[in-house]
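Visitor: Got a structure for you, written out below as structure tokens; questions coming shortly.
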Amino acid sequence: MTASPIPFCDLQRANAPIRKELDRAIGRCMDRSTYLRGPETAAFEEEWADYCGQAHAVCCNSGTDALTIAASAAGLTAAVIPATTLPLTGIGLHRGGAAVRLADVDDDGHLTPEPDAVPVLLYGRLPSALSAPAVLHDAAHAHGWRPPPGAAAAWSFYPTKTLGALGDAGAVTTDDAALADAMRDLCGRDDRLRSRRQITSRIDEVQAAVLRVKLRHLDDWLTERRAIGDHYRARLHPLGLTLPGPSLDHLLVIRVASRDDLAATLAQRGIEAKVHWPLPLHRLDGPWQATGSFPHAEAWCSSVLSLPCFPGLREREVERVCDAVERWFAGTTVD
């Protein structure tokens with residue numbers, strides 16, 4: 001009998017058990033006929049700020065907009081980001097007025113501490129103990145992490161995120177009341193001109209209502225992701241494939257030579273894997289400055305592979321993925 005495919009991410013498995021809660025939340029928005037700037041947005045901003053241990057949350061249209069709004073409101077003129085991140089990190093900061101410069105990562109894949117750094121918590125990995133204090137963090141992969149006092153964090157609620165909406169949404173959290181007010185003005189929440197730099201970037205009431213429901217389940221999902229990640233690490237750490245350091249396991253990433261060959265082998269076995277991301281930013285024509293060489297970024301982007309890791313992934317599926325990786329690693333490609 002042919003085994004069922006294992007998807008990289010199956011949102012239905014997490015959404016199905018809470019479908020009635022989601023339907024009721026969406027129904028409340030329809031009954032009110034309030035779709036922007038309503039009570040769901042106000043409540044979610046308060047609840048998300050509290051969950052993150054910060055005083056304020058300002059919601060917007062996307063994680064990219066969150067970076068733009070945070071950089072613009074904070075007056076960032078320069079931002080240093082790792083060359084291994086998603087291009088949208090650099091694009092968002094550039095739109096916010098920052099001159100973006102790429103930096104290489106260290107052996108463990110972390111951004112080397114330096115002035116103007118905007119750390120990116122890739123894959124849900126937590127910042128290195130050596131990380132320098134930063135004004136802003138890209139926490140798009142790090143739901144469940146609490147920013148340090150005095151720092152702001154940009155969040156994405158893209159559907160596949162650990163806390164995901166049913167469409168696009170984002171937010172910035174901060175302890176700075178003046179910064180929060182400036183970001184609200186930049187978001188263009190009504191039909192008034194509040195800032196010459198203003199953009200229209202709002203979360204809609206339906207997404208806020210959905211996120212309020214999902215936030216109540218976030219801790220359980222984080223626990224489930226941690227268990228899945230621990231299962232993978234127990235099997236694959238002896239092969240030297242797992243990443244060092246603590247992680248929230250938004251993505252379960254391994255590093256392996258001949259990455260593309262392993263991905264193809266997994267696909268033949270009905271296992272979907274993805275690459276986050278195949279090209280370092282200095283090889284892309286984006287709005288950033290790249291000088292010098294990036295040997296560690298090159299090495300990371302040519303060797304990382306993300307394996308299935310999502311709420312509802314079954315233990316037997318994790319075992320099947322690990323079996324396939326072990327067989328490939330041992331040079332055995334057939335059962």
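Following the order of the structure tokens, first chain is A, next is B, and so on, with residues numbered from 1 inside each chain and ligands from 1 in the order they appear.
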Tell me which protein, DNA and RNA residues are within 10 Å of Ala227 of chain A, counting only C-alpha atoms, leaving out same-chain ones fewer than 5 positions away, and put them as an MDAnalysis selection string.
Guide: chainID A and resid 221:222 232:233 249 315
Visitor: Got a sec: who's within 9 Å of Asp116 of chain A, counting only C-alpha atoms, leaving out chain neighbours fewer than 3 positions off, as a list in words?
Guide: Leu76, Thr77, Ala78, Ala79, Val80, Ile81, Ala134 and Val135 of chain A
Visitor: With distances taken over only C-alpha atoms, which of A:Asp31, A:Asp138, A:Asp175, A:Asp181 is nearest to Leu121 of chain A?
Guide: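 Closest to Leu121 of chain A, using only C-alpha atoms: A:Asp138.
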Visitor: Leaving out segment 68-71 of chain A and any residue of its chain fewer than 2 positions from it, which residues lie within 8 Å of it when counting only C-alpha atoms, given as number ranges by chain?
Guide: A: 64-66, 73-76, 92-98, 136, 152, 154, 172, 183, 186-187
Visitor: Please compute the atom CA of Pro113 of chain A-atom CA of Arg101 of chain A distance, one decimal, in Å.
Guide: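 For atom CA of Pro113 of chain A relative to atom CA of Arg101 of chain A, the distance reads 13.6 Å.
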Visitor: My list of candidates is A:Ala267, A:Val210, A:Val325, A:Leu102. Which is closest to Arg255 of chain A when distances are computed with only C-alpha atoms?
Guide: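 Smallest distance to Arg255 of chain A is found for A:Val325.
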Visitor: Would you give me, as a ChimeraX atom specification, the residues in segment 36-121 of chain A that DSSP reads as strand (DSSP E or B)?
Guide: /A:36,56-60,78-82,99-103,105,111,117,120
Visitor: Just want the 7 Å neighbourhood of Val256 of chain A, counted on only C-alpha atoms, with same-chain residues fewer than 6 positions away dropped. Output as JSON, numbers by chain.
Guide: {"A": [241, 303, 304]}
Visitor: Tell me, counting only C-alpha atoms, for each residue of segment 81-193 of chain A within 8 Å of segment 282-287 of chain A, which pair of atoms is nearest and how far apart they are in Å to one decimal, in rows ordered by chain and increasing number, as a Markdown table.
Guide:
```
| residue | atom | partner | partner_atom | distance |
| --- | --- | --- | --- | --- |
| A:Ala83 | CA | A:His282 | CA | 6.4 |
| A:Pro87 | CA | A:Gly286 | CA | 7.5 |
| A:Gly90 | CA | A:Pro287 | CA | 7.0 |
| A:Ile91 | CA | A:Pro287 | CA | 6.5 |
| A:His94 | CA | A:Pro287 | CA | 6.6 |
| A:Val100 | CA | A:Pro287 | CA | 7.1 |
| A:Leu102 | CA | A:His282 | CA | 7.2 |
```
Visitor: Can you list, as a PyMOL selection string, every residue of segment 69-276 of chain A that DSSP puts in helix (DSSP H, G or I)?
Guide: chain A and resi 69-74+87-95+122-124+177-187+205-215+218-239+259-268
